[in-house]
$ cat start_7.pdb   # PDB, C-alpha atoms and all ligand atoms
ATOM      1  CA  MET A   1      42.768  27.995 -15.366
ATOM      2  CA  LYS A   2      44.249  26.856 -18.697
ATOM      3  CA  LYS A   3      41.794  26.106 -21.490
ATOM      4  CA  THR A   4      42.101  23.015 -23.665
ATOM      5  CA  VAL A   5      42.165  22.968 -27.477
ATOM      6  CA  LEU A   6      42.252  20.133 -30.016
ATOM      7  CA  VAL A   7      43.933  21.132 -33.291
ATOM      8  CA  THR A   8      43.511  18.605 -36.112
ATOM      9  CA  GLY A   9      46.450  18.153 -38.474
ATOM     10  CA  ALA A  10      48.699  19.724 -35.847
ATOM     11  CA  ASN A  11      51.772  17.618 -36.576
ATOM     12  CA  LYS A  12      52.933  20.065 -39.288
ATOM     13  CA  GLY A  13      52.024  23.076 -41.384
ATOM     14  CA  ILE A  14      49.460  25.658 -40.305
ATOM     15  CA  GLY A  15      48.042  23.334 -37.622
ATOM     16  CA  PHE A  16      51.452  23.103 -35.981
ATOM     17  CA  GLY A  17      51.761  26.915 -36.082
ATOM     18  CA  ILE A  18      48.315  27.340 -34.506
ATOM     19  CA  ALA A  19      49.037  24.732 -31.802
ATOM     20  CA  LYS A  20      52.349  26.414 -31.022
ATOM     21  CA  HIS A  21      50.947  29.928 -30.665
ATOM     22  CA  LEU A  22      47.830  28.895 -28.741
ATOM     23  CA  GLY A  23      50.197  26.965 -26.454
ATOM     24  CA  LEU A  24      52.434  30.015 -26.033
ATOM     25  CA  ASN A  25      49.283  31.959 -25.115
ATOM     26  CA  GLY A  26      48.363  29.656 -22.253
ATOM     27  CA  TRP A  27      46.260  26.911 -23.861
ATOM     28  CA  ASN A  28      46.661  23.206 -23.114
ATOM     29  CA  VAL A  29      47.145  21.695 -26.535
ATOM     30  CA  ILE A  30      45.962  18.326 -27.847
ATOM     31  CA  ILE A  31      47.586  17.326 -31.109
ATOM     32  CA  GLY A  32      45.372  15.711 -33.749
ATOM     33  CA  ALA A  33      47.539  13.512 -35.997
ATOM     34  CA  ARG A  34      47.427  10.327 -38.040
ATOM     35  CA  ASN A  35      50.333   8.432 -36.579
ATOM     36  CA  GLN A  36      52.381   8.214 -33.450
ATOM     37  CA  GLU A  37      55.738   9.049 -34.967
ATOM     38  CA  ARG A  38      54.557  12.330 -36.518
ATOM     39  CA  ALA A  39      52.585  13.208 -33.374
ATOM     40  CA  GLU A  40      55.550  12.568 -31.090
ATOM     41  CA  LYS A  41      57.870  14.618 -33.272
ATOM     42  CA  ALA A  42      55.472  17.581 -33.044
ATOM     43  CA  ILE A  43      55.002  17.118 -29.288
ATOM     44  CA  SER A  44      58.746  17.089 -28.719
ATOM     45  CA  GLU A  45      59.206  20.288 -30.781
ATOM     46  CA  LEU A  46      56.341  22.044 -28.990
ATOM     47  CA  SER A  47      57.455  20.920 -25.554
ATOM     48  CA  SER A  48      60.950  22.251 -26.197
ATOM     49  CA  SER A  49      59.335  25.674 -26.794
ATOM     50  CA  GLY A  50      57.800  25.453 -23.301
ATOM     51  CA  ILE A  51      54.310  24.532 -24.477
ATOM     52  CA  CYS A  52      52.023  22.362 -22.371
ATOM     53  CA  VAL A  53      50.916  19.506 -24.634
ATOM     54  CA  SER A  54      48.229  17.386 -23.001
ATOM     55  CA  GLY A  55      48.631  14.537 -25.477
ATOM     56  CA  TRP A  56      47.691  13.478 -28.963
ATOM     57  CA  ILE A  57      44.655  11.898 -30.585
ATOM     58  CA  ASN A  58      44.790   9.631 -33.613
ATOM     59  CA  ILE A  59      42.302  10.995 -36.172
ATOM     60  CA  GLU A  60      42.029   9.756 -39.753
ATOM     61  CA  LEU A  61      39.391  12.022 -41.255
ATOM     62  CA  SER A  62      38.621   9.678 -44.143
ATOM     63  CA  ASN A  63      37.544   6.960 -41.709
ATOM     64  CA  LEU A  64      34.338   7.387 -39.690
ATOM     65  CA  GLU A  65      35.358   4.663 -37.220
ATOM     66  CA  SER A  66      38.600   6.484 -36.485
ATOM     67  CA  ILE A  67      36.651   9.713 -35.944
ATOM     68  CA  GLY A  68      34.204   7.991 -33.567
ATOM     69  CA  GLN A  69      37.072   6.462 -31.616
ATOM     70  CA  ALA A  70      38.881   9.815 -31.466
ATOM     71  CA  ALA A  71      35.763  11.582 -30.157
ATOM     72  CA  ARG A  72      35.282   8.933 -27.442
ATOM     73  CA  GLU A  73      38.914   9.294 -26.402
ATOM     74  CA  VAL A  74      38.627  13.091 -26.224
ATOM     75  CA  ASN A  75      35.482  12.792 -24.075
ATOM     76  CA  ASP A  76      37.211  10.363 -21.698
ATOM     77  CA  LYS A  77      40.611  12.004 -21.436
ATOM     78  CA  PHE A  78      39.879  15.700 -21.998
ATOM     79  CA  PRO A  79      36.420  16.520 -20.583
ATOM     80  CA  ASP A  80      37.396  20.214 -20.348
ATOM     81  CA  LEU A  81      37.891  20.625 -24.134
ATOM     82  CA  SER A  82      36.554  24.066 -25.077
ATOM     83  CA  LEU A  83      38.017  24.674 -28.543
ATOM     84  CA  LEU A  84      38.183  22.548 -31.686
ATOM     85  CA  VAL A  85      40.323  23.851 -34.543
ATOM     86  CA  ASN A  86      39.336  22.001 -37.720
ATOM     87  CA  ASN A  87      42.599  22.491 -39.567
ATOM     88  CA  ALA A  88      43.471  19.110 -41.165
ATOM     89  CA  GLY A  89      42.873  19.038 -44.892
ATOM     90  CA  ILE A  90      44.138  17.823 -48.251
ATOM     91  CA  PRO A  91      44.582  19.701 -51.536
ATOM     92  CA  GLY A  92      43.259  17.078 -53.926
ATOM     93  CA  ASP A  93      44.726  17.096 -57.415
ATOM     94  CA  MET A  94      45.669  20.705 -58.145
ATOM     95  CA  SER A  95      47.469  19.877 -61.392
ATOM     96  CA  VAL A  96      44.411  19.480 -63.639
ATOM     97  CA  ASP A  97      41.563  21.742 -64.657
ATOM     98  CA  GLY A  98      38.014  21.120 -63.444
ATOM     99  CA  LEU A  99      36.854  19.042 -66.415
ATOM    100  CA  HIS A 100      39.844  16.711 -66.137
ATOM    101  CA  THR A 101      39.491  16.109 -62.426
ATOM    102  CA  GLU A 102      39.003  12.433 -61.598
ATOM    103  CA  ILE A 103      35.800  11.546 -59.728
ATOM    104  CA  CYS A 104      37.823   9.572 -57.171
ATOM    105  CA  ASP A 105      39.858  12.711 -56.408
ATOM    106  CA  ILE A 106      36.688  14.779 -55.832
ATOM    107  CA  LYS A 107      35.286  12.050 -53.571
ATOM    108  CA  GLN A 108      38.482  11.736 -51.538
ATOM    109  CA  THR A 109      38.906  15.487 -51.079
ATOM    110  CA  ILE A 110      35.282  15.962 -50.023
ATOM    111  CA  GLU A 111      35.506  12.934 -47.737
ATOM    112  CA  VAL A 112      38.405  14.439 -45.766
ATOM    113  CA  ASN A 113      37.780  18.193 -45.942
ATOM    114  CA  PHE A 114      34.002  18.136 -45.558
ATOM    115  CA  ILE A 115      32.560  14.793 -44.414
ATOM    116  CA  GLY A 116      35.369  13.950 -41.982
ATOM    117  CA  THR A 117      35.437  17.489 -40.612
ATOM    118  CA  PHE A 118      31.647  17.451 -40.217
ATOM    119  CA  ALA A 119      31.685  14.030 -38.520
ATOM    120  CA  LEU A 120      34.337  15.062 -35.993
ATOM    121  CA  THR A 121      32.599  18.367 -35.282
ATOM    122  CA  LYS A 122      29.235  16.631 -34.836
ATOM    123  CA  ALA A 123      30.736  14.047 -32.480
ATOM    124  CA  LEU A 124      32.378  16.724 -30.299
ATOM    125  CA  ILE A 125      29.465  19.182 -30.192
ATOM    126  CA  PRO A 126      27.885  17.734 -26.997
ATOM    127  CA  LEU A 127      31.184  18.114 -25.092
ATOM    128  CA  LEU A 128      31.936  21.544 -26.558
ATOM    129  CA  THR A 129      28.403  22.703 -25.705
ATOM    130  CA  ARG A 130      28.809  21.608 -22.088
ATOM    131  CA  ASN A 131      31.987  23.697 -21.957
ATOM    132  CA  THR A 132      30.519  26.766 -23.749
ATOM    133  CA  GLY A 133      33.073  26.102 -26.452
ATOM    134  CA  ARG A 134      34.084  27.228 -29.911
ATOM    135  CA  ILE A 135      34.834  25.648 -33.270
ATOM    136  CA  VAL A 136      37.208  27.296 -35.740
ATOM    137  CA  ASN A 137      37.537  26.050 -39.321
ATOM    138  CA  VAL A 138      40.650  26.702 -41.414
ATOM    139  CA  THR A 139      39.461  27.127 -44.972
ATOM    140  CA  VAL A 140      39.408  29.094 -48.249
ATOM    141  CA  PRO A 141      36.608  31.314 -49.599
ATOM    142  CA  SER A 142      33.618  29.702 -51.353
ATOM    143  CA  GLU A 143      33.786  32.276 -54.153
ATOM    144  CA  ILE A 144      35.539  30.939 -57.248
ATOM    145  CA  SER A 145      38.766  32.803 -57.965
ATOM    146  CA  PRO A 146      39.581  33.305 -61.669
ATOM    147  CA  TYR A 147      43.252  32.673 -60.842
ATOM    148  CA  TRP A 148      43.071  29.469 -58.851
ATOM    149  CA  HIS A 149      40.170  27.000 -58.612
ATOM    150  CA  PRO A 150      41.102  23.306 -58.165
ATOM    151  CA  LEU A 151      37.647  21.707 -58.286
ATOM    152  CA  GLY A 152      37.868  19.025 -55.583
ATOM    153  CA  TYR A 153      39.500  21.410 -53.119
ATOM    154  CA  VAL A 154      37.226  24.422 -53.619
ATOM    155  CA  ALA A 155      34.095  22.210 -53.664
ATOM    156  CA  SER A 156      35.110  20.507 -50.408
ATOM    157  CA  LYS A 157      35.875  23.823 -48.723
ATOM    158  CA  ALA A 158      32.648  25.433 -50.000
ATOM    159  CA  ALA A 159      30.772  22.532 -48.372
ATOM    160  CA  GLN A 160      32.749  23.031 -45.167
ATOM    161  CA  ASN A 161      31.913  26.754 -45.268
ATOM    162  CA  ALA A 162      28.213  25.893 -45.722
ATOM    163  CA  MET A 163      28.455  23.634 -42.659
ATOM    164  CA  MET A 164      29.856  26.544 -40.669
ATOM    165  CA  GLY A 165      27.065  28.908 -41.785
ATOM    166  CA  VAL A 166      24.291  26.393 -41.093
ATOM    167  CA  MET A 167      25.668  25.434 -37.685
ATOM    168  CA  ALA A 168      26.191  29.066 -36.627
ATOM    169  CA  MET A 169      22.590  29.880 -37.545
ATOM    170  CA  GLU A 170      21.236  26.847 -35.714
ATOM    171  CA  PHE A 171      23.362  27.462 -32.608
ATOM    172  CA  GLN A 172      21.872  30.969 -32.441
ATOM    173  CA  GLN A 173      18.314  29.838 -33.141
ATOM    174  CA  GLN A 174      18.570  27.078 -30.527
ATOM    175  CA  GLU A 175      20.434  29.347 -28.094
ATOM    176  CA  LYS A 176      23.226  26.780 -27.798
ATOM    177  CA  PRO A 177      26.236  28.104 -25.841
ATOM    178  CA  LEU A 178      28.525  27.301 -28.745
ATOM    179  CA  GLU A 179      30.253  29.351 -31.437
ATOM    180  CA  ILE A 180      31.584  28.448 -34.864
ATOM    181  CA  PHE A 181      33.449  30.552 -37.401
ATOM    182  CA  SER A 182      35.860  30.138 -40.326
ATOM    183  CA  VAL A 183      39.241  31.642 -41.058
ATOM    184  CA  HIS A 184      41.068  31.887 -44.353
ATOM    185  CA  PRO A 185      44.763  32.005 -43.446
ATOM    186  CA  GLY A 186      45.783  33.170 -46.908
ATOM    187  CA  PRO A 187      48.623  31.638 -48.925
ATOM    188  CA  THR A 188      50.996  29.915 -46.528
ATOM    189  CA  THR A 189      54.183  28.016 -47.325
ATOM    190  CA  THR A 190      53.451  24.369 -46.458
ATOM    191  CA  ASP A 191      53.588  20.851 -47.904
ATOM    192  CA  LEU A 192      50.022  21.347 -49.181
ATOM    193  CA  ASN A 193      51.301  23.657 -51.932
ATOM    194  CA  GLY A 194      54.745  22.087 -52.367
ATOM    195  CA  ASN A 195      56.200  24.706 -49.993
ATOM    196  CA  MET A 196      55.542  27.477 -52.465
ATOM    197  CA  CYS A 197      57.031  30.771 -51.340
ATOM    198  CA  LEU A 198      55.835  33.539 -53.654
ATOM    199  CA  PRO A 199      55.250  37.213 -52.794
ATOM    200  CA  GLY A 200      52.199  37.367 -50.501
ATOM    201  CA  PHE A 201      52.874  33.977 -48.905
ATOM    202  CA  HIS A 202      53.402  33.738 -45.143
ATOM    203  CA  ASP A 203      55.187  31.174 -42.993
ATOM    204  CA  ILE A 204      53.415  28.937 -40.463
ATOM    205  CA  ASP A 205      54.751  30.898 -37.475
ATOM    206  CA  THR A 206      53.334  34.192 -38.734
ATOM    207  CA  VAL A 207      49.980  32.594 -39.554
ATOM    208  CA  GLY A 208      49.862  30.601 -36.290
ATOM    209  CA  GLN A 209      50.527  33.746 -34.277
ATOM    210  CA  LYS A 210      47.810  35.724 -36.080
ATOM    211  CA  MET A 211      45.329  32.876 -35.688
ATOM    212  CA  ALA A 212      46.063  32.670 -31.945
ATOM    213  CA  GLU A 213      45.585  36.449 -31.606
ATOM    214  CA  LEU A 214      42.213  36.173 -33.359
ATOM    215  CA  ILE A 215      41.064  33.249 -31.220
ATOM    216  CA  ASN A 216      42.154  35.070 -28.044
ATOM    217  CA  ASP A 217      40.704  38.489 -28.973
ATOM    218  CA  GLY A 218      37.806  38.140 -26.529
ATOM    219  CA  LYS A 219      35.236  38.932 -29.248
ATOM    220  CA  THR A 220      32.305  36.895 -30.547
ATOM    221  CA  HIS A 221      32.749  35.671 -34.144
ATOM    222  CA  GLN A 222      29.669  33.464 -34.558
ATOM    223  CA  GLY A 223      29.091  32.695 -38.266
ATOM    224  CA  GLU A 224      31.904  34.946 -39.508
ATOM    225  CA  PHE A 225      34.231  34.205 -42.423
ATOM    226  CA  ILE A 226      37.449  35.970 -41.524
ATOM    227  CA  GLU A 227      40.281  36.776 -43.918
ATOM    228  CA  LEU A 228      43.481  36.734 -41.879
ATOM    229  CA  TYR A 229      45.121  38.918 -44.517
ATOM    230  CA  PRO A 230      43.399  41.319 -46.913
ATOM    231  CA  ILE A 231      42.949  39.854 -50.402
ATOM    232  CA  VAL A 232      45.261  41.553 -52.910
ATOM    233  CA  LYS A 233      43.755  41.704 -56.402
ATOM    234  CA  GLU A 234      46.004  40.437 -59.165
ATOM    235  CA  ASP A 235      46.206  42.347 -62.472
TER
HETATM  236  N1  LIG B 301      48.754  26.369 -47.155
HETATM  237  C1  LIG B 301      47.894  27.270 -47.610
HETATM  238  O1  LIG B 301      48.253  28.141 -48.418
HETATM  239  C2  LIG B 301      46.462  27.246 -47.155
HETATM  240  C3  LIG B 301      45.640  28.314 -47.524
HETATM  241  C4  LIG B 301      44.307  28.308 -47.115
HETATM  242  C5  LIG B 301      43.833  27.272 -46.318
HETATM  243  N2  LIG B 301      44.661  26.252 -45.984
HETATM  244  C6  LIG B 301      44.121  25.174 -45.158
HETATM  245  O2  LIG B 301      44.924  25.027 -44.013
HETATM  246  C7  LIG B 301      44.800  23.699 -43.516
HETATM  247  C8  LIG B 301      46.196  23.141 -43.215
HETATM  248  O3  LIG B 301      46.892  23.027 -44.427
HETATM  249  P1  LIG B 301      48.476  23.124 -44.536
HETATM  250  O4  LIG B 301      48.742  24.064 -45.635
HETATM  251  O5  LIG B 301      49.096  23.343 -43.212
HETATM  252  O6  LIG B 301      48.797  21.653 -45.094
HETATM  253  P2  LIG B 301      49.846  20.523 -44.654
HETATM  254  O7  LIG B 301      51.136  21.095 -44.216
HETATM  255  O8  LIG B 301      49.810  19.532 -45.762
HETATM  256  O9  LIG B 301      49.153  19.888 -43.357
HETATM  257  C9  LIG B 301      47.939  19.196 -43.464
HETATM  258  C10 LIG B 301      47.648  18.484 -42.144
HETATM  259  O10 LIG B 301      46.411  17.760 -42.315
HETATM  260  C11 LIG B 301      46.633  16.386 -41.968
HETATM  261  N3  LIG B 301      45.801  15.499 -42.760
HETATM  262  C12 LIG B 301      45.808  15.319 -44.103
HETATM  263  N4  LIG B 301      44.919  14.374 -44.462
HETATM  264  C13 LIG B 301      44.338  13.951 -43.314
HETATM  265  C14 LIG B 301      43.358  12.967 -43.015
HETATM  266  N5  LIG B 301      42.814  12.205 -43.980
HETATM  267  N6  LIG B 301      43.005  12.794 -41.730
HETATM  268  C15 LIG B 301      43.567  13.517 -40.748
HETATM  269  N7  LIG B 301      44.512  14.452 -40.957
HETATM  270  C16 LIG B 301      44.891  14.654 -42.227
HETATM  271  C17 LIG B 301      48.109  16.141 -42.284
HETATM  272  O11 LIG B 301      48.558  15.002 -41.577
HETATM  273  P3  LIG B 301      49.761  14.062 -42.166
HETATM  274  O12 LIG B 301      51.044  14.742 -41.790
HETATM  275  O13 LIG B 301      49.526  12.775 -41.470
HETATM  276  O14 LIG B 301      49.555  13.981 -43.661
HETATM  277  C18 LIG B 301      48.719  17.453 -41.776
HETATM  278  O15 LIG B 301      48.874  17.412 -40.386
HETATM  279  C19 LIG B 301      44.045  22.903 -44.597
HETATM  280  O16 LIG B 301      42.692  22.757 -44.195
HETATM  281  C20 LIG B 301      44.141  23.801 -45.814
HETATM  282  O17 LIG B 301      43.059  23.620 -46.685
HETATM  283  C21 LIG B 301      45.971  26.203 -46.390
END

$ encode --input "start_7.pdb" --output "structure tokens" --more "lines below"
Ligand SMILES: NC(=O)c1ccc[n+]([C@@H]2O[C@H](COP(=O)([O-])OP(=O)(O)OC[C@H]3O[C@@H](n4cnc5c(N)ncnc54)[C@H](OP(=O)(O)O)[C@@H]3O)[C@@H](O)[C@H]2O)c1
Amino acid sequence: MKKTVLVTGANKGIGFGIAKHLGLNGWNVIIGARNQERAEKAISELSSSGICVSGWINIELSNLESIGQAAREVNDKFPDLSLLVNNAGIPGDMSVDGLHTEICDIKQTIEVNFIGTFALTKALIPLLTRNTGRIVNVTVPSEISPYWHPLGYVASKAAQNAMMGVMAMEFQQQEKPLEIFSVHPGPTTTDLNGNMCLPGFHDIDTVGQKMAELINDGKTHQGEFIELYPIVKED
């Protein structure tokens, strides 16, 4: 029987690549998106690649009401959901150094990347637990890189990584039939970074395929932080 996955932010970028390659590997895919037009465009592209798209869910991660509504809709329409890929995210202002970052930018980035992601995960945990499911977060390392450290973004992702670690520990302690782990896809050419394409960057197809292989590897990854590509040290 096909398994069902919800990928947030699946209308473009890495989320689209993950949805595509999970779909090609036999998953029923639910697209998380913020508006109908972008969702339908993604669904039409995926369907033309032969992928079974079960539908789309409107999720605005900066709005708790939208998240609650999305979770209710998933419960009603997709009771067999067994995988949540928390992929949707925003970069925040990457053009300024830490001390010049506006408070409103920090708040907004944390609201989407951490609070919204936490709220959606929390709302879907009862369903995912019933289905012995998994949660996969798409993220960056918590360690501060000397080369690149936009404050709002790294703070929001560090909080998201803490959520993953805490939940994994509690799932184990409470013997919940549920798994959570995080994946750093590495630099990927997307709108998030202005479609940067430097040496070491990958495209969304390559990353989506590798993510799907990892998710389908049949292994347990509870609490792991997985680097999809080895980190190359800069001189
Ligand atoms: N690109 C990289 O190099 C890289 C590296 C490491 C980790 N990541 C992570 O990978 C994930 C995907 O990023 P990407 O590079 O693929 O970026 P992207 O192309 O900009 O895609 C981001 C996705 O998130 C959605 N989104 C943004 N704000 C949202 C909100 N408030 N509520 C719901 N959905 C929202 C976007 O929807 P709209 O189309 O409606 O805006 C879009 O579908 C992010 O979590 C990012 O931090 C990226």

$ atom_distance --input "start_7.pdb" --atom1 "atom CA of A:Pro79" --atom2 "atom CA of A:Leu120"
15.6 Å

$ closest_residue --input "start_7.pdb" --among "A:Ile59, A:Cys52, A:Leu99, A:Ala70" --to "ligand LIG 301 (chain B)" --atoms "all atoms listed in the file"
A:Ile59

$ atom_distance --input "start_7.pdb" --atom1 "atom C18 of ligand LIG 301 (chain B)" --atom2 "atom CA of A:Gly15"
7.2 Å

$ resolve_selection --input "start_7.pdb" --expression "the PyMOL selection byres (((not hetatm)) within 6 of (chain B and resi 301))" --output "PyMOL selection string"
chain A and resi 9-15+33-34+59-62+87-90+112+138-140+184-192

$ atom_distance --input "start_7.pdb" --atom1 "atom CA of A:Asp80" --atom2 "atom CA of A:Pro177"
14.7 Å

$ resolve_selection --input "start_7.pdb" --expression "the PyMOL selection byres (((chain A and resi 123) around 12) and not hetatm)" --output "ChimeraX atom specification"
/A:64-75,84,116-122,124-129

$ resolve_selection --input "start_7.pdb" --expression "the PyMOL selection byres (((chain A and resi 210-221) around 12) and not hetatm)" --output "ChimeraX atom specification"
/A:3,5,7,14-27,82-85,87,133-138,164-165,168,172,177-186,202-209,222-229

$ closest_residue --input "start_7.pdb" --among "A:Glu45, A:Asp93, A:Glu37, A:Glu175" --to "A:Thr109" --atoms "all atoms listed in the file"
A:Asp93

$ residues_around --input "start_7.pdb" --residues "A:Trp148" --least-positions-apart "3" --cutoff "10 Å" --atoms "all atoms listed in the file" --output "mmCIF file with C-alpha atoms, keeping the file's coordinate frame"
data_model
loop_
_atom_site.group_PDB
_atom_site.id
_atom_site.type_symbol
_atom_site.label_atom_id
_atom_site.label_comp_id
_atom_site.auth_asym_id
_atom_site.auth_seq_id
_atom_site.Cartn_x
_atom_site.Cartn_y
_atom_site.Cartn_z
ATOM 1 C CA MET A 94 45.669 20.705 -58.145
ATOM 2 C CA ASP A 97 41.563 21.742 -64.657
ATOM 3 C CA ILE A 144 35.539 30.939 -57.248
ATOM 4 C CA SER A 145 38.766 32.803 -57.965
ATOM 5 C CA LEU A 151 37.647 21.707 -58.286
ATOM 6 C CA VAL A 154 37.226 24.422 -53.619
#

$ axis_aligned_box --input "start_7.pdb" --around "stretch 194-202 of chain A" --padding-each-side "6 Å" --output "JSON"
{"center_x": 54.6, "center_y": 29.7, "center_z": -49.4, "size_x": 16.8, "size_y": 27.3, "size_z": 20.5}

$ residues_around --input "start_7.pdb" --residues "stretch 155-161 of chain A" --least-positions-apart "2" --cutoff "6 Å" --atoms "all atoms listed in the file" --output "list in words"
Ile110, Asn113, Phe114, Ser142, Leu151, Gly152, Tyr153, Met163 and Met164 of chain A

$ write_last_selection --input "start_7.pdb" --atoms "C-alpha atoms" --output "PDB file, in the coordinates of the input"
ATOM      1  CA  ILE A 110      35.282  15.962 -50.023  1.00  0.00           C
ATOM      2  CA  ASN A 113      37.780  18.193 -45.942  1.00  0.00           C
ATOM      3  CA  PHE A 114      34.002  18.136 -45.558  1.00  0.00           C
ATOM      4  CA  SER A 142      33.618  29.702 -51.353  1.00  0.00           C
ATOM      5  CA  LEU A 151      37.647  21.707 -58.286  1.00  0.00           C
ATOM      6  CA  GLY A 152      37.868  19.025 -55.583  1.00  0.00           C
ATOM      7  CA  TYR A 153      39.500  21.410 -53.119  1.00  0.00           C
ATOM      8  CA  MET A 163      28.455  23.634 -42.659  1.00  0.00           C
ATOM      9  CA  MET A 164      29.856  26.544 -40.669  1.00  0.00           C
TER      10      MET A 164
END
